[in-house]
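S.K.: The structure under discussion is supplied below as structure tokens; questions concerning it will follow.
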Amino acid sequence: MAEIFVPEGSWTFDGELLRIVPGGDDVHELRRTLGELAVPLAAIGGASFEPSRKGGSVQLRLRPGADPLTDVVAGRLTGSADPYRLAVPKERTGAAEYLVDEVRTALALEQVPSGPVESFLMPGPAVPMSASAGDGTVSFDGERIRLEWTLFASSGKESAGPQAFLLPDVEGVEWAPQHGLGYGFLRFRLRGGPPAKAPEKDPHCLAWGVQRYGGTTALVAAAVLARLARLPAEPPALPAGRAGEQDALLRRMAELESPDTVIRRLGELGELHRSGVLTDEEFATAKRSLLRRLGDG
């Protein structure tokens, strides 16, 4: 067991799992909100210790595709905001170097490749998750995303009003910190939606010009990205007359909250199937989704 405890938090490695626990109130808001992380060895691409005059820092590098947060920020979280970096005082550099050596040895023994992985090995931030920055507030409960505007929003966003959309409607999510004179932003790209506008004008985009990282917006982006990856493949396109029926059904499913409601919806699905509204394939897909929700509950 290799471990290091410093004011910023603790890192513990048992040969298979690296557990990262943030420290007290002085820790960056983003790391404090993210909370404890359990990083499997298979998700790690490398580790290093970087010495400095006052001690140094441990830096963990994750494999591309292993962690939704790492993917969405693309190296743009730095310093105290980076959950995979730990500042180490001079008296703890020996423990830091030992931990790094243990991680490297385990990677070599298990022959863990440093290249991309096919699917996320980490679950992403827990939901519900929300963040406020610049011209609005964003919230995500695992199924739907909502944007609400503040007094700093542009007239175009105010005219568009609050925005709400379901996860299956989202094609992608983009995040960037504030830099120079430009805006930081969190943008949701919708399927079949219009071309993206400038962040301060796009009604599907939260924008900020003061906070570097926009509070915890990166965590919302990572939570959405993680759950987008879990969505089933799109079903075959339906005839025009049937598309509206299935869309209404999917939206009703997205509003499910309790196991009792799920069980009732299963009965309704059966009736729709028997009456011919749903084909065998559509019924099977919707039933799997409902049963998965029941299992998650």
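Please note that chains go A, B, ... in the order of the structure tokens, that every chain numbers its residues from 1, and that ligands are numbered from 1 in the order shown.
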Residues of region 96-171 of chain A that have any atom at most 9 Å from an atom of region 176-196 of chain A: could you tabulate them with the shortest-distance atom pair and the distance in Å to one decimal, using only C-alpha atoms, ordered by chain and increasing number, as CSV?
M.R.:
```
residue,atom,partner,partner_atom,distance
A:Gly134,CA,A:Gly184,CA,8.9
A:Phe165,CA,A:Leu190,CA,8.7
A:Pro168,CA,A:Arg191,CA,8.6
A:Asp169,CA,A:Leu190,CA,5.7
A:Val170,CA,A:Leu190,CA,4.5
A:Glu171,CA,A:Leu190,CA,5.1
```
S.K.: Write out as a ChimeraX atom specification which residues come within 8 Å of region 102-116 of chain A when counting only C-alpha atoms, dropping same-chain ones fewer than 3 positions away.
M.R.: /A:2,13,15-16,41-42,44-47,63-66,98-99
S.K.: Write the residues of the selection above to a file with N, CA, C and O atoms, as a PDB file, in the first residue's frame.
M.R.:
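Written out: part_19.pdb:
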```pdb
ATOM      1  N   ALA A   2       0.627   2.130  -0.954  1.00  0.00           N
ATOM      2  CA  ALA A   2       1.342   3.405  -1.013  1.00  0.00           C
ATOM      3  C   ALA A   2       0.331   4.502  -0.755  1.00  0.00           C
ATOM      4  O   ALA A   2      -0.762   4.508  -1.336  1.00  0.00           O
ATOM      5  N   PHE A  13      -2.901   4.043  -2.950  1.00  0.00           N
ATOM      6  CA  PHE A  13      -2.829   3.093  -4.059  1.00  0.00           C
ATOM      7  C   PHE A  13      -2.555   1.702  -3.508  1.00  0.00           C
ATOM      8  O   PHE A  13      -1.584   1.491  -2.769  1.00  0.00           O
ATOM      9  N   GLY A  15      -2.391  -1.116  -5.569  1.00  0.00           N
ATOM     10  CA  GLY A  15      -1.954  -1.993  -6.651  1.00  0.00           C
ATOM     11  C   GLY A  15      -2.997  -2.172  -7.730  1.00  0.00           C
ATOM     12  O   GLY A  15      -2.666  -2.532  -8.869  1.00  0.00           O
ATOM     13  N   GLU A  16      -4.269  -1.927  -7.404  1.00  0.00           N
ATOM     14  CA  GLU A  16      -5.357  -2.066  -8.369  1.00  0.00           C
ATOM     15  C   GLU A  16      -6.187  -0.800  -8.501  1.00  0.00           C
ATOM     16  O   GLU A  16      -6.776  -0.550  -9.550  1.00  0.00           O
ATOM     17  N   LEU A  41      -6.658   0.864 -12.090  1.00  0.00           N
ATOM     18  CA  LEU A  41      -5.345   0.842 -12.732  1.00  0.00           C
ATOM     19  C   LEU A  41      -5.475   0.891 -14.252  1.00  0.00           C
ATOM     20  O   LEU A  41      -4.690   1.554 -14.935  1.00  0.00           O
ATOM     21  N   ALA A  42      -6.482   0.212 -14.800  1.00  0.00           N
ATOM     22  CA  ALA A  42      -6.661   0.149 -16.251  1.00  0.00           C
ATOM     23  C   ALA A  42      -6.951   1.505 -16.870  1.00  0.00           C
ATOM     24  O   ALA A  42      -6.812   1.679 -18.083  1.00  0.00           O
ATOM     25  N   ILE A  44      -5.378   4.314 -15.951  1.00  0.00           N
ATOM     26  CA  ILE A  44      -4.208   5.177 -15.783  1.00  0.00           C
ATOM     27  C   ILE A  44      -3.230   5.009 -16.943  1.00  0.00           C
ATOM     28  O   ILE A  44      -2.846   3.901 -17.303  1.00  0.00           O
ATOM     29  N   GLY A  45      -2.838   6.143 -17.513  1.00  0.00           N
ATOM     30  CA  GLY A  45      -1.850   6.121 -18.596  1.00  0.00           C
ATOM     31  C   GLY A  45      -0.442   6.385 -18.110  1.00  0.00           C
ATOM     32  O   GLY A  45       0.529   6.034 -18.767  1.00  0.00           O
ATOM     33  N   GLY A  46      -0.303   7.017 -16.950  1.00  0.00           N
ATOM     34  CA  GLY A  46       1.025   7.306 -16.413  1.00  0.00           C
ATOM     35  C   GLY A  46       0.931   8.173 -15.177  1.00  0.00           C
ATOM     36  O   GLY A  46      -0.131   8.719 -14.852  1.00  0.00           O
ATOM     37  N   ALA A  47       2.046   8.278 -14.458  1.00  0.00           N
ATOM     38  CA  ALA A  47       2.119   9.107 -13.252  1.00  0.00           C
ATOM     39  C   ALA A  47       3.518   9.695 -13.169  1.00  0.00           C
ATOM     40  O   ALA A  47       4.495   9.082 -13.609  1.00  0.00           O
ATOM     41  N   ARG A  63      -5.819   7.580 -19.372  1.00  0.00           N
ATOM     42  CA  ARG A  63      -5.874   7.176 -20.785  1.00  0.00           C
ATOM     43  C   ARG A  63      -7.052   7.874 -21.483  1.00  0.00           C
ATOM     44  O   ARG A  63      -8.121   8.040 -20.883  1.00  0.00           O
ATOM     45  N   PRO A  64      -6.870   8.287 -22.730  1.00  0.00           N
ATOM     46  CA  PRO A  64      -7.981   8.897 -23.467  1.00  0.00           C
ATOM     47  C   PRO A  64      -9.186   7.960 -23.500  1.00  0.00           C
ATOM     48  O   PRO A  64      -9.056   6.770 -23.766  1.00  0.00           O
ATOM     49  N   GLY A  65     -10.351   8.504 -23.220  1.00  0.00           N
ATOM     50  CA  GLY A  65     -11.574   7.710 -23.250  1.00  0.00           C
ATOM     51  C   GLY A  65     -11.893   7.003 -21.954  1.00  0.00           C
ATOM     52  O   GLY A  65     -12.956   6.378 -21.847  1.00  0.00           O
ATOM     53  N   ALA A  66     -11.017   7.096 -20.946  1.00  0.00           N
ATOM     54  CA  ALA A  66     -11.247   6.382 -19.697  1.00  0.00           C
ATOM     55  C   ALA A  66     -12.117   7.162 -18.724  1.00  0.00           C
ATOM     56  O   ALA A  66     -12.844   6.581 -17.921  1.00  0.00           O
ATOM     57  N   TYR A  98       7.528   7.675  -3.871  1.00  0.00           N
ATOM     58  CA  TYR A  98       7.264   6.248  -3.671  1.00  0.00           C
ATOM     59  C   TYR A  98       5.926   5.858  -4.295  1.00  0.00           C
ATOM     60  O   TYR A  98       5.811   4.817  -4.968  1.00  0.00           O
ATOM     61  N   LEU A  99       4.888   6.684  -4.096  1.00  0.00           N
ATOM     62  CA  LEU A  99       3.580   6.376  -4.673  1.00  0.00           C
ATOM     63  C   LEU A  99       3.656   6.330  -6.200  1.00  0.00           C
ATOM     64  O   LEU A  99       3.098   5.428  -6.839  1.00  0.00           O
TER      65      LEU A  99
END
```
S.K.: Residues of region 128-180 of chain A classed as strand (DSSP E or B) by DSSP on the backbone are to be reported as a ChimeraX atom specification.
M.R.: /A:129-133,136-140,144-149,163-166,170-176
S.K.: Skipping near chain neighbours, those fewer than 6 positions away, what residues fall within 12 Å of Asp26 (chain A) using only C-alpha atoms, listed as JSON, numbers by chain?
M.R.: {"A": [7, 8, 9, 32, 80, 81]}
S.K.: What's the 10 Å shell around Asp141 (chain A), counting only C-alpha atoms, without same-chain residues fewer than 6 positions away, as a ChimeraX atom specification?
M.R.: /A:126-130,167,220,223-224
S.K.: Using DSSP assignments from the backbone, pull out every residue in region 30-204 of chain A that falls under helix (DSSP H, G or I) and give it to me as a PyMOL selection string.
M.R.: chain A and resi 30-34+41-43+68-73+79-81+90-109+155-160+167-169
S.K.: Could you dump the residues just selected with N, CA and C atoms as a short mmCIF file (atom, residue, chain, number, x, y, z; two decimals), in the first residue's frame?
M.R.:
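Result file follows (selection_21.cif):
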```cif
data_model
loop_
_atom_site.label_atom_id
_atom_site.label_comp_id
_atom_site.auth_asym_id
_atom_site.auth_seq_id
_atom_site.Cartn_x
_atom_site.Cartn_y
_atom_site.Cartn_z
N LEU A 30 -14.21 23.07 -7.49
CA LEU A 30 -14.50 22.01 -8.44
C LEU A 30 -14.11 20.65 -7.86
N ARG A 31 -12.94 20.57 -7.23
CA ARG A 31 -12.49 19.31 -6.65
C ARG A 31 -13.34 18.93 -5.45
N ARG A 32 -13.72 19.91 -4.64
CA ARG A 32 -14.53 19.63 -3.47
C ARG A 32 -15.90 19.10 -3.88
N THR A 33 -16.50 19.68 -4.93
CA THR A 33 -17.80 19.23 -5.41
C THR A 33 -17.71 17.84 -6.04
N LEU A 34 -16.64 17.59 -6.76
CA LEU A 34 -16.46 16.28 -7.40
C LEU A 34 -16.36 15.17 -6.37
N LEU A 41 -6.66 0.86 -12.09
CA LEU A 41 -5.35 0.84 -12.73
C LEU A 41 -5.47 0.89 -14.25
N ALA A 42 -6.48 0.21 -14.80
CA ALA A 42 -6.66 0.15 -16.25
C ALA A 42 -6.95 1.51 -16.87
N ALA A 43 -7.38 2.49 -16.05
CA ALA A 43 -7.68 3.83 -16.57
C ALA A 43 -6.46 4.74 -16.58
N PRO A 68 -14.74 10.63 -18.33
CA PRO A 68 -15.46 11.70 -19.03
C PRO A 68 -14.97 13.10 -18.66
N LEU A 69 -14.58 13.32 -17.41
CA LEU A 69 -14.10 14.65 -17.03
C LEU A 69 -12.80 14.97 -17.75
N THR A 70 -11.88 14.03 -17.78
CA THR A 70 -10.60 14.25 -18.48
C THR A 70 -10.84 14.54 -19.95
N ASP A 71 -11.77 13.82 -20.56
CA ASP A 71 -12.03 14.02 -21.98
C ASP A 71 -12.66 15.38 -22.26
N VAL A 72 -13.61 15.81 -21.43
CA VAL A 72 -14.33 17.03 -21.74
C VAL A 72 -13.49 18.28 -21.48
N VAL A 73 -12.57 18.22 -20.49
CA VAL A 73 -11.76 19.41 -20.22
C VAL A 73 -10.50 19.45 -21.09
N GLY A 79 -3.50 23.53 -12.31
CA GLY A 79 -3.24 23.96 -10.95
C GLY A 79 -4.17 23.32 -9.94
N SER A 80 -4.68 24.11 -9.01
CA SER A 80 -5.47 23.59 -7.91
C SER A 80 -6.84 23.05 -8.35
N ALA A 81 -7.28 23.35 -9.58
CA ALA A 81 -8.57 22.86 -10.06
C ALA A 81 -8.49 21.44 -10.60
N LYS A 90 7.58 19.96 0.91
CA LYS A 90 8.92 19.37 0.83
C LYS A 90 9.08 18.14 1.72
N GLU A 91 8.47 18.16 2.90
CA GLU A 91 8.66 17.04 3.82
C GLU A 91 7.91 15.78 3.40
N ARG A 92 7.08 15.87 2.36
CA ARG A 92 6.33 14.70 1.90
C ARG A 92 6.74 14.24 0.51
N THR A 93 7.82 14.79 -0.02
CA THR A 93 8.23 14.43 -1.38
C THR A 93 8.66 12.96 -1.47
N GLY A 94 9.24 12.42 -0.41
CA GLY A 94 9.64 11.02 -0.44
C GLY A 94 8.45 10.10 -0.61
N ALA A 95 7.37 10.36 0.13
CA ALA A 95 6.15 9.56 0.01
C ALA A 95 5.54 9.71 -1.38
N ALA A 96 5.60 10.93 -1.94
CA ALA A 96 5.05 11.17 -3.27
C ALA A 96 5.81 10.38 -4.33
N GLU A 97 7.13 10.40 -4.26
CA GLU A 97 7.94 9.66 -5.23
C GLU A 97 7.70 8.16 -5.11
N TYR A 98 7.53 7.67 -3.87
CA TYR A 98 7.26 6.25 -3.67
C TYR A 98 5.93 5.86 -4.30
N LEU A 99 4.89 6.68 -4.10
CA LEU A 99 3.58 6.38 -4.67
C LEU A 99 3.66 6.33 -6.20
N VAL A 100 4.35 7.29 -6.78
CA VAL A 100 4.49 7.32 -8.24
C VAL A 100 5.21 6.06 -8.72
N ASP A 101 6.26 5.65 -8.04
CA ASP A 101 6.99 4.43 -8.42
C ASP A 101 6.09 3.21 -8.35
N GLU A 102 5.25 3.14 -7.31
CA GLU A 102 4.35 1.99 -7.16
C GLU A 102 3.33 1.94 -8.30
N VAL A 103 2.80 3.10 -8.69
CA VAL A 103 1.84 3.13 -9.80
C VAL A 103 2.53 2.70 -11.09
N ARG A 104 3.70 3.21 -11.34
CA ARG A 104 4.44 2.84 -12.56
C ARG A 104 4.77 1.36 -12.59
N THR A 105 5.17 0.82 -11.45
CA THR A 105 5.49 -0.61 -11.39
C THR A 105 4.26 -1.45 -11.69
N ALA A 106 3.12 -1.09 -11.10
CA ALA A 106 1.88 -1.84 -11.34
C ALA A 106 1.47 -1.76 -12.81
N LEU A 107 1.63 -0.60 -13.42
CA LEU A 107 1.29 -0.46 -14.85
C LEU A 107 2.16 -1.37 -15.70
N ALA A 108 3.45 -1.46 -15.35
CA ALA A 108 4.37 -2.31 -16.10
C ALA A 108 4.06 -3.78 -15.89
N LEU A 109 3.80 -4.18 -14.65
CA LEU A 109 3.52 -5.59 -14.35
C LEU A 109 2.24 -6.06 -15.03
N SER A 155 -29.85 39.79 -24.83
CA SER A 155 -31.27 39.94 -25.15
C SER A 155 -31.78 38.73 -25.93
N GLY A 156 -30.89 38.15 -26.77
CA GLY A 156 -31.30 36.97 -27.53
C GLY A 156 -31.63 35.79 -26.63
N LYS A 157 -30.84 35.59 -25.60
CA LYS A 157 -31.11 34.50 -24.67
C LYS A 157 -32.36 34.78 -23.84
N GLU A 158 -32.51 36.02 -23.44
CA GLU A 158 -33.71 36.38 -22.68
C GLU A 158 -34.97 36.16 -23.51
N SER A 159 -34.90 36.51 -24.79
CA SER A 159 -36.06 36.32 -25.67
C SER A 159 -36.37 34.84 -25.87
N ALA A 160 -35.33 34.02 -25.94
CA ALA A 160 -35.53 32.58 -26.12
C ALA A 160 -36.12 31.95 -24.86
N LEU A 167 -31.87 14.17 -22.54
CA LEU A 167 -30.55 13.67 -22.90
C LEU A 167 -30.50 13.08 -24.31
N PRO A 168 -31.50 12.29 -24.76
CA PRO A 168 -31.42 11.73 -26.12
C PRO A 168 -31.43 12.79 -27.22
N ASP A 169 -31.86 14.03 -26.88
CA ASP A 169 -31.86 15.11 -27.86
C ASP A 169 -30.48 15.72 -28.05
#
```
S.K.: Could you give me, as an NGL selection string, the residues within 12 Å of Phe152 (chain A), counting only C-alpha atoms and dropping anything in the same chain fewer than 3 positions from it?
M.R.: :A and (132-137 or 148-149 or 155-158 or 200-201 or 206-210)
S.K.: Using only C-alpha atoms, which of the listed residues (A:Leu77, A:Val39, A:Ala164, A:Ala286) sits closest to Thr216 (chain A)?
M.R.: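 Checking each candidate against Thr216 (chain A), we get A:Leu77 as the closest.
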S.K.: So the first atom is CA of Leu166 (chain A) and the second is CA of Ala153 (chain A); what is the distance between them in Å, to one decimal place?
M.R.: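 It comes out at 22.6 Å.
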